[in-house]
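See below for work39.txt, which holds compact mmCIF, C-alpha atoms.
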```txt
# COMPACT_ATOMS: atom_id res chain seq x y z
CA MET A 1 62.17 130.10 -30.38
CA GLU A 2 62.95 129.52 -33.99
CA LEU A 3 62.50 125.97 -35.20
CA LYS A 4 66.12 125.54 -36.22
CA GLU A 5 67.28 126.30 -32.70
CA LEU A 6 64.54 124.16 -31.25
CA ILE A 7 65.67 121.15 -33.25
CA GLN A 8 69.28 121.59 -32.17
CA GLN A 9 68.30 122.01 -28.54
CA LYS A 10 65.93 119.06 -28.53
CA LEU A 11 68.46 116.73 -30.14
CA LYS A 12 71.18 117.72 -27.68
CA GLU A 13 68.83 117.18 -24.73
CA LYS A 14 67.55 113.85 -25.94
CA PHE A 15 70.93 112.41 -26.99
CA PRO A 16 73.51 113.97 -24.66
CA GLU A 17 76.36 111.59 -25.52
CA THR A 18 75.94 111.82 -29.27
CA GLU A 19 77.96 114.24 -31.33
CA PHE A 20 75.90 116.34 -33.72
CA GLU A 21 77.37 118.52 -36.41
CA PHE A 22 74.91 121.19 -37.51
CA SER A 23 75.34 123.22 -40.64
CA GLU A 24 73.23 125.56 -42.66
CA PHE A 25 73.21 126.13 -46.38
CA ARG A 26 70.73 128.43 -48.14
CA ASP A 27 68.41 128.42 -45.14
CA GLU A 28 68.32 124.64 -44.95
CA LEU A 29 69.52 122.94 -41.83
CA SER A 30 71.47 119.70 -41.97
CA VAL A 31 72.65 117.55 -39.15
CA LYS A 32 75.49 115.07 -39.37
CA LEU A 33 75.74 112.21 -36.93
CA ASN A 34 77.34 108.85 -36.32
CA LYS A 35 75.64 106.05 -38.23
CA LYS A 36 75.10 104.09 -35.00
CA ASN A 37 72.47 106.60 -33.87
CA ILE A 38 70.60 107.00 -37.13
CA LEU A 39 67.60 104.86 -36.22
CA ALA A 40 67.05 106.36 -32.75
CA VAL A 41 67.42 109.94 -34.00
CA CYS A 42 65.10 109.40 -36.95
CA MET A 43 62.51 107.81 -34.68
CA PHE A 44 62.76 110.78 -32.31
CA LEU A 45 62.46 113.35 -35.12
CA LYS A 46 59.31 111.67 -36.32
CA GLU A 47 57.65 110.95 -32.97
CA ASP A 48 58.36 114.22 -31.16
CA SER A 49 55.13 116.22 -30.97
CA ASP A 50 56.81 119.55 -31.76
CA LEU A 51 58.79 118.35 -34.74
CA GLU A 52 56.79 115.59 -36.46
CA PHE A 53 59.02 114.90 -39.46
CA VAL A 54 56.45 112.52 -40.89
CA LEU A 55 57.49 112.63 -44.55
CA CYS A 56 60.64 110.95 -45.79
CA GLU A 57 61.21 112.60 -49.14
CA ASP A 58 64.40 110.97 -50.27
CA ILE A 59 67.23 108.75 -49.16
CA THR A 60 70.35 108.92 -51.24
CA ALA A 61 74.10 108.76 -50.93
CA VAL A 62 77.18 110.70 -51.98
CA ASP A 63 80.33 108.96 -53.15
CA TRP A 64 83.41 110.98 -52.17
CA ALA A 65 85.69 108.51 -54.01
CA SER A 66 89.03 108.99 -52.19
CA ARG A 67 87.85 110.15 -48.77
CA LYS A 68 88.35 107.96 -45.72
CA ASN A 69 84.65 107.57 -45.02
CA ARG A 70 83.80 107.05 -48.62
CA PHE A 71 80.00 107.48 -48.58
CA THR A 72 77.59 109.88 -46.98
CA VAL A 73 74.00 108.71 -46.71
CA ALA A 74 71.56 111.64 -46.76
CA TYR A 75 67.98 111.57 -45.53
CA HIS A 76 65.76 114.42 -46.69
CA ILE A 77 62.84 114.61 -44.30
CA PHE A 78 59.97 117.06 -44.12
CA SER A 79 57.67 118.21 -41.36
CA ILE A 80 54.24 118.94 -42.76
CA LYS A 81 53.17 120.52 -39.49
CA ASN A 82 56.02 123.06 -39.44
CA LYS A 83 56.57 123.21 -43.21
CA PHE A 84 60.23 122.56 -42.53
CA ARG A 85 62.80 120.45 -44.34
CA LEU A 86 65.79 118.83 -42.65
CA VAL A 87 68.72 116.85 -44.02
CA VAL A 88 70.14 114.11 -41.82
CA LYS A 89 73.54 112.80 -42.87
CA ALA A 90 75.68 109.89 -41.76
CA ASP A 91 79.08 108.74 -43.00
CA VAL A 92 79.62 105.15 -44.08
CA ASP A 93 82.99 103.58 -44.76
CA GLU A 94 83.62 101.32 -47.73
CA ASN A 95 85.01 98.47 -45.61
CA ASP A 96 82.01 98.53 -43.30
CA CYS A 97 79.42 99.37 -45.92
CA ASN A 98 76.19 99.18 -43.99
CA ILE A 99 73.83 101.34 -41.98
CA ASP A 100 70.65 100.65 -40.05
CA SER A 101 67.46 100.72 -42.07
CA VAL A 102 64.80 103.29 -41.18
CA THR A 103 61.93 101.28 -42.66
CA SER A 104 60.52 100.93 -39.15
CA VAL A 105 60.20 104.72 -39.00
CA TRP A 106 59.05 105.60 -42.51
CA LYS A 107 57.56 102.89 -44.72
CA THR A 108 58.46 104.84 -47.89
CA SER A 109 62.12 104.36 -47.12
CA ASN A 110 61.82 100.73 -48.22
CA TRP A 111 62.25 101.44 -51.94
CA GLN A 112 64.49 104.45 -51.39
CA GLU A 113 66.94 102.31 -49.46
CA ARG A 114 66.73 99.62 -52.12
CA GLU A 115 67.61 102.21 -54.73
CA CYS A 116 70.51 103.41 -52.62
CA TYR A 117 71.73 99.83 -52.28
CA ASP A 118 71.33 99.24 -56.02
CA MET A 119 73.32 102.32 -57.01
CA TYR A 120 75.98 102.54 -54.26
CA GLY A 121 76.13 99.09 -52.66
CA ILE A 122 75.39 100.33 -49.17
CA LYS A 123 73.62 97.60 -47.24
CA PHE A 124 70.75 98.59 -44.94
CA ASN A 125 70.60 96.37 -41.87
CA HIS A 126 67.26 94.84 -40.92
CA HIS A 127 65.69 95.92 -44.20
CA PRO A 128 62.72 93.62 -44.99
CA ASP A 129 63.62 93.16 -48.69
CA MET A 130 67.23 94.07 -49.47
CA ARG A 131 67.28 93.41 -53.23
CA ARG A 132 68.23 95.47 -56.26
CA ILE A 133 65.40 97.64 -57.51
CA TYR A 134 66.46 98.83 -61.02
CA MET A 135 69.31 96.71 -62.25
CA PRO A 136 68.98 92.97 -62.92
CA GLU A 137 69.48 90.74 -59.89
CA GLU A 138 72.63 89.15 -61.28
CA PHE A 139 74.35 92.49 -62.01
CA GLU A 140 77.59 92.70 -60.04
CA TYR A 141 78.43 96.40 -60.01
CA TYR A 142 77.10 99.59 -58.45
CA PRO A 143 76.57 102.13 -61.25
CA LEU A 144 76.59 105.43 -59.35
CA ARG A 145 79.96 104.80 -57.71
CA LYS A 146 82.66 107.08 -59.01
CA ASP A 147 84.84 104.20 -60.21
CA PHE A 148 82.07 102.79 -62.43
CA PRO A 149 82.63 103.74 -66.11
CA LEU A 150 79.89 105.78 -67.78
CA MET A 151 79.25 103.23 -70.51
CA GLY A 152 79.24 100.33 -68.09
CA ILE A 153 81.27 97.15 -68.17
CA PRO A 154 80.98 95.39 -71.54
CA GLY A 155 79.18 92.08 -71.29
CA SER A 156 77.93 92.65 -67.77
CA LEU A 157 74.34 93.11 -68.95
CA PRO A 158 73.19 90.31 -71.28
CA LEU A 159 71.33 91.05 -74.52
CA PRO A 160 68.91 88.62 -76.18
CA LYS A 161 70.27 86.47 -78.99
CA LYS A 162 69.69 87.90 -82.46
CA MET B 1 45.61 100.60 -109.91
CA GLY B 2 42.78 101.52 -112.19
CA LEU B 3 40.95 98.52 -110.83
CA GLU B 4 37.45 99.92 -111.29
CA ALA B 5 38.02 100.87 -114.92
CA LYS B 6 39.49 97.46 -115.72
CA LEU B 7 36.68 95.58 -113.99
CA ASN B 8 34.01 97.71 -115.63
CA SER B 9 35.30 97.10 -119.16
CA ASP B 10 36.42 93.44 -119.06
CA GLY B 11 34.99 92.10 -115.82
CA PHE B 12 38.31 90.39 -114.96
CA PHE B 13 42.00 91.06 -114.85
CA VAL B 14 45.19 89.02 -115.00
CA THR B 15 48.00 89.28 -112.48
CA LYS B 16 50.52 87.18 -110.59
CA ILE B 17 49.59 85.55 -107.27
CA GLU B 18 52.78 87.06 -105.87
CA SER B 19 51.72 90.57 -106.83
CA ILE B 20 48.22 90.28 -105.46
CA ILE B 21 49.51 88.84 -102.16
CA ASN B 22 52.03 91.63 -101.83
CA TRP B 23 49.41 94.19 -102.75
CA ALA B 24 47.07 92.91 -100.06
CA ARG B 25 49.83 92.53 -97.53
CA LYS B 26 51.35 95.97 -97.93
CA ASN B 27 48.03 97.75 -97.66
CA SER B 28 47.03 96.03 -94.45
CA VAL B 29 50.12 96.21 -92.27
CA TYR B 30 49.08 95.66 -88.67
CA PRO B 31 51.46 97.53 -86.38
CA MET B 32 52.49 96.31 -82.96
CA PRO B 33 52.81 99.57 -81.01
CA MET B 34 55.87 98.88 -78.87
CA GLY B 35 55.53 102.28 -77.19
CA ILE B 36 58.19 102.44 -74.50
CA SER B 37 58.58 106.17 -73.97
CA CYS B 38 57.93 109.61 -75.46
CA CYS B 39 58.10 108.52 -79.13
CA ALA B 40 54.89 106.62 -78.41
CA ILE B 41 53.07 109.94 -78.14
CA GLU B 42 54.06 110.81 -81.69
CA MET B 43 53.14 107.31 -82.79
CA MET B 44 49.67 107.87 -81.32
CA ALA B 45 49.52 111.23 -83.07
CA SER B 46 50.18 109.51 -86.38
CA ALA B 47 46.94 107.57 -85.86
CA ASP B 48 44.83 110.66 -85.19
CA PRO B 49 42.61 112.29 -87.88
CA LYS B 50 45.19 114.93 -88.75
CA TYR B 51 47.91 112.51 -89.89
CA ASP B 52 45.67 109.46 -90.23
CA ILE B 53 47.72 106.31 -90.59
CA ALA B 54 44.48 104.68 -91.79
CA ARG B 55 45.18 106.17 -95.24
CA PHE B 56 47.87 103.48 -95.51
CA GLY B 57 45.71 100.71 -94.09
CA SER B 58 47.67 100.51 -90.85
CA GLU B 59 45.18 101.91 -88.38
CA VAL B 60 44.68 98.55 -86.69
CA MET B 61 47.10 98.82 -83.79
CA ARG B 62 47.02 95.38 -82.26
CA PHE B 63 48.06 95.04 -78.67
CA THR B 64 48.79 91.38 -79.09
CA PRO B 65 51.87 90.40 -81.08
CA ARG B 66 50.12 87.38 -82.60
CA GLN B 67 48.04 89.56 -84.91
CA CYS B 68 50.80 91.93 -86.04
CA ASP B 69 53.36 92.01 -88.80
CA LEU B 70 55.09 95.34 -88.13
CA MET B 71 56.75 96.22 -84.86
CA ILE B 72 57.19 99.94 -84.22
CA VAL B 73 59.73 100.20 -81.42
CA ALA B 74 59.08 103.71 -80.13
CA GLY B 75 61.24 104.66 -77.19
CA THR B 76 64.37 104.09 -75.15
CA VAL B 77 65.19 100.40 -74.85
CA THR B 78 67.12 99.54 -71.71
CA TYR B 79 69.04 96.30 -71.28
CA LYS B 80 66.35 95.09 -68.92
CA MET B 81 63.60 95.89 -71.44
CA SER B 82 65.46 94.38 -74.40
CA HIS B 83 64.52 90.85 -73.35
CA VAL B 84 60.85 91.79 -73.30
CA VAL B 85 61.03 93.46 -76.72
CA ARG B 86 62.73 90.41 -78.21
CA LYS B 87 60.19 88.08 -76.61
CA ILE B 88 57.30 90.04 -78.11
CA TYR B 89 59.05 90.15 -81.50
CA GLU B 90 59.44 86.38 -81.48
CA GLN B 91 55.72 85.95 -80.85
CA MET B 92 54.82 87.80 -84.05
CA PRO B 93 54.03 85.55 -87.02
CA ASP B 94 56.30 85.62 -90.08
CA PRO B 95 56.74 87.59 -92.28
CA LYS B 96 57.40 90.53 -90.00
CA TRP B 97 59.12 93.90 -90.14
CA VAL B 98 60.62 96.29 -87.61
CA ILE B 99 60.72 100.10 -87.51
CA ALA B 100 63.23 101.65 -85.09
CA MET B 101 61.53 104.93 -84.29
CA GLY B 102 63.57 107.81 -82.91
CA ALA B 103 67.13 108.50 -81.86
CA CYS B 104 67.11 106.41 -78.66
CA THR B 105 65.85 103.30 -80.38
CA SER B 106 68.19 103.63 -83.36
CA THR B 107 71.43 104.53 -81.56
CA GLY B 108 70.81 105.08 -77.86
CA GLY B 109 70.32 108.77 -78.58
CA MET B 110 71.12 111.12 -75.77
CA TYR B 111 71.27 108.21 -73.34
CA ARG B 112 74.93 107.40 -73.74
CA SER B 113 74.89 105.38 -70.57
CA TYR B 114 75.40 101.93 -69.08
CA SER B 115 71.71 101.05 -68.88
CA VAL B 116 70.51 101.85 -72.41
CA VAL B 117 71.07 99.59 -75.43
CA GLN B 118 72.99 101.64 -78.00
CA GLY B 119 70.71 100.75 -80.90
CA ILE B 120 68.14 97.96 -81.06
CA ASP B 121 69.84 96.47 -84.12
CA GLN B 122 72.07 94.73 -81.60
CA PHE B 123 69.27 92.27 -80.93
CA LEU B 124 66.56 92.87 -83.58
CA PRO B 125 66.68 92.90 -87.40
CA VAL B 126 65.63 96.49 -88.16
CA ASP B 127 64.18 97.39 -91.56
CA VAL B 128 63.74 101.16 -91.31
CA TYR B 129 65.28 103.69 -88.94
CA VAL B 130 63.39 106.92 -88.26
CA ALA B 131 65.44 109.98 -87.30
CA GLY B 132 64.22 112.56 -84.82
CA CYS B 133 63.82 113.10 -81.12
CA PRO B 134 60.95 112.43 -81.25
CA PRO B 135 60.23 112.09 -85.00
CA ARG B 136 57.22 113.93 -86.34
CA PRO B 137 54.23 111.74 -87.25
CA ASP B 138 54.80 112.40 -90.97
CA ASN B 139 58.29 111.01 -90.54
CA LEU B 140 56.82 107.80 -89.16
CA LEU B 141 54.35 107.67 -92.04
CA ASN B 142 57.30 107.98 -94.43
CA ALA B 143 58.90 104.99 -92.71
CA LEU B 144 55.68 103.06 -93.10
CA MET B 145 55.64 103.87 -96.83
CA GLN B 146 59.20 102.57 -97.12
CA ILE B 147 58.11 99.38 -95.40
CA GLN B 148 55.26 99.15 -97.92
CA ASP B 149 57.75 99.51 -100.77
CA LYS B 150 59.85 96.77 -99.23
CA ILE B 151 56.84 94.48 -98.84
CA GLY B 152 55.87 95.16 -102.45
CA LYS B 153 59.25 93.83 -103.59
CA THR B 154 59.25 90.61 -101.58
CA ARG B 155 59.02 87.25 -103.32
CA PRO B 156 57.95 83.90 -101.90
CA LYS B 157 61.52 82.60 -102.03
CA ASP B 158 62.54 85.33 -99.57
CA PHE B 159 60.69 83.42 -96.90
CA GLN B 160 61.86 79.91 -97.78
CA ASN B 161 64.92 79.97 -95.56
CA ILE B 162 63.25 81.39 -92.49
CA LYS B 163 64.14 79.38 -89.45
CA LEU B 164 61.91 79.30 -86.44
CA PRO B 165 63.52 81.11 -83.55
CA GLU B 166 64.97 79.16 -80.69
CA LEU B 167 62.63 79.02 -77.77
CA ASN B 168 64.06 81.64 -75.52
CA VAL B 169 62.18 81.48 -72.27
CA ILE B 170 62.95 84.28 -69.88
CA GLN B 171 62.10 83.76 -66.28
CA ASN B 172 60.31 86.66 -64.70
CA ASN B 173 60.29 86.69 -60.96
```
Encoded form using structure tokens:
Amino acid sequence: MELKELIQQKLKEKFPETEFEFSEFRDELSVKLNKKNILAVCMFLKEDSDLEFVLCEDITAVDWASRKNRFTVAYHIFSIKNKFRLVVKADVDENDCNIDSVTSVWKTSNWQERECYDMYGIKFNHHPDMRRIYMPEEFEYYPLRKDFPLMGIPGSLPLPKK
Amino acid sequence: MGLEAKLNSDGFFVTKIESIINWARKNSVYPMPMGISCCAIEMMASADPKYDIARFGSEVMRFTPRQCDLMIVAGTVTYKMSHVVRKIYEQMPDPKWVIAMGACTSTGGMYRSYSVVQGIDQFLPVDVYVAGCPPRPDNLLNALMQIQDKIGKTRPKDFQNIKLPELNVIQNN
């Protein structure tokens, strides 16, 4: 069986009550799921002996600006054993702007989730160190959101006295 | 200066203290290499044998601000970095000069964005701006020669009104 079908079959068997939305773009498989299940699914994808998605390449988000579920968090994970890349996606609403952290699955996700929090303001529950990573601690805005102006908000970042 | 000829014929020469101090000062400018990004590569190239900044007496790149009198800010200065640059500048002894090297440092360059300071003259007194992205080493040497001209024209009274900077302690976590 091809790996793409195997992944779909395995996920449906393991999580029968969860809704998965599979899609394919340029030979890359992505799976969309409810944010409640993100931790369990990620753990399964890593631990399963046929899949072994041991490498978390990137965690980022998409800001859809006016959509109901404003953000999509995307996890790009890679299986070294199968040489296969998978994108896991979960929608997050602005009013309930948090999602479970996957630091217990992949340790690299620590800084990637901090970056995602810094740029989009999505909180990762149970993250060991949920602080900003690039911008100063006292900065109040989230620069990669669509409503943030390109040149920033004047006076929000202090300069030294001349 | 024709120094050898003068000393060989008379054995002494007459000049002003001011001139001899300026002459010594401008031919031994110690740069502080504030290399923040890619311009730093060109700054290093200006010290290599091909361009040879030592011809102008400035080969002594000091990595401590306390021994420097010229700060070459080479690279993109972000708002977060600006505090560090200013802190290092304040540690340099007077008199001191600043070269803003490259487009990013002078104006923000191609980084027209929320995180990059649009020109370091917003928080540092810049003496010479160097154009280019990155500038060629000869362009930096030209800036150094302009600094030397400027040093040659200084007078002691230029430094009489210098105020010590306010102690500006930044807490780093």
Inset, instruction - Give the answer as one residue: which of B:Ala5, B:Ala131, B:Ile20, B:Cys104 has the shortest atom-to-atom distance to B:Gly152, using only C-alpha atoms? - result: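 Of the candidates, the smallest distance to B:Gly152 is held by B:Ile20.
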Please tabulate, as a tab-separated table, the residues of chain A that come within 8 Å of chain B, each with its closest pair of atoms and the distance in Å to one decimal, counting all atoms listed in the file and ordering rows by chain, then residue number upward.
```
residue	atom	partner	partner_atom	distance
A:Met135	CA	B:Lys80	CA	7.5
A:Pro136	CA	B:Lys80	CA	6.9
A:Pro143	CA	B:Tyr114	CA	7.9
A:Leu150	CA	B:Ser113	CA	5.7
A:Met151	CA	B:Tyr114	CA	4.3
A:Gly152	CA	B:Tyr114	CA	4.3
A:Ile153	CA	B:Tyr114	CA	7.6
A:Leu157	CA	B:Tyr79	CA	6.6
A:Pro158	CA	B:Tyr79	CA	7.3
A:Leu159	CA	B:Tyr79	CA	6.6
A:Pro160	CA	B:His83	CA	5.7
A:Lys161	CA	B:Phe123	CA	6.2
A:Lys162	CA	B:Phe123	CA	4.6
```
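Atom pair atom CA of B:Lys96 / atom CA of B:Gly108 has a distance of 23.2 Å (rounded to one decimal).
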Inset, instruction - Please provide as a list in words all residues within 9 Å of stretch 13-18 of chain A, with the sequence filter that same-chain residues fewer than 6 positions apart are discarded (counting only C-alpha atoms). - result: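 My reading of the contact set: Leu33, Asn34, Asn37, Val41 and Phe44 of chain A.
Taking all atoms listed in the file, the non-local environment of A:Trp64 within 12 Å (same-chain residues fewer than 3 positions away omitted) comprises Ala61, Arg67, Lys68, Asn69, Arg70, Phe71, Thr72, Val73, Asp91, Val92, Asp93, Glu94, Tyr120, Leu144, Arg145, Lys146 and Asp147 of chain A.
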Legend entry - Pairwise distance for atom CA of B:Thr64 and atom CA of B:Pro156, rounded to one decimal in Å: 25.7 Å
Inset, instruction - Mind giving me the straight-line distance from atom CA of B:Asn8 to atom CA of B:Ile151 in Å, one decimal? - result: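 So the answer is 28.5 Å.
Only residues having an atom at most 9 Å from (62.2, 118.0, -48.9) are included; using all atoms listed in the file, these are Leu55, Cys56, Glu57, Asp58, His76, Ile77, Phe78, Ser79, Phe84, Arg85, Leu86 and Val87 of chain A.
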Would you mind exporting the chosen residues as a PDB file, in the frame of the given file, restricted to C-alpha atoms?
```pdb
ATOM      1  CA  LEU A  55      57.490 112.630 -44.550  1.00  0.00           C
ATOM      2  CA  CYS A  56      60.640 110.950 -45.790  1.00  0.00           C
ATOM      3  CA  GLU A  57      61.210 112.600 -49.140  1.00  0.00           C
ATOM      4  CA  ASP A  58      64.400 110.970 -50.270  1.00  0.00           C
ATOM      5  CA  HIS A  76      65.760 114.420 -46.690  1.00  0.00           C
ATOM      6  CA  ILE A  77      62.840 114.610 -44.300  1.00  0.00           C
ATOM      7  CA  PHE A  78      59.970 117.060 -44.120  1.00  0.00           C
ATOM      8  CA  SER A  79      57.670 118.210 -41.360  1.00  0.00           C
ATOM      9  CA  PHE A  84      60.230 122.560 -42.530  1.00  0.00           C
ATOM     10  CA  ARG A  85      62.800 120.450 -44.340  1.00  0.00           C
ATOM     11  CA  LEU A  86      65.790 118.830 -42.650  1.00  0.00           C
ATOM     12  CA  VAL A  87      68.720 116.850 -44.020  1.00  0.00           C
TER      13      VAL A  87
END
```
Inset, instruction - Show which residues sit within 9 Å of A:Gly121, as an MDAnalysis selection string. Count all atoms listed in the file, and ignore same-chain residues fewer than 5 positions away. - result: chainID A and resid 97:98 116 141:142 145
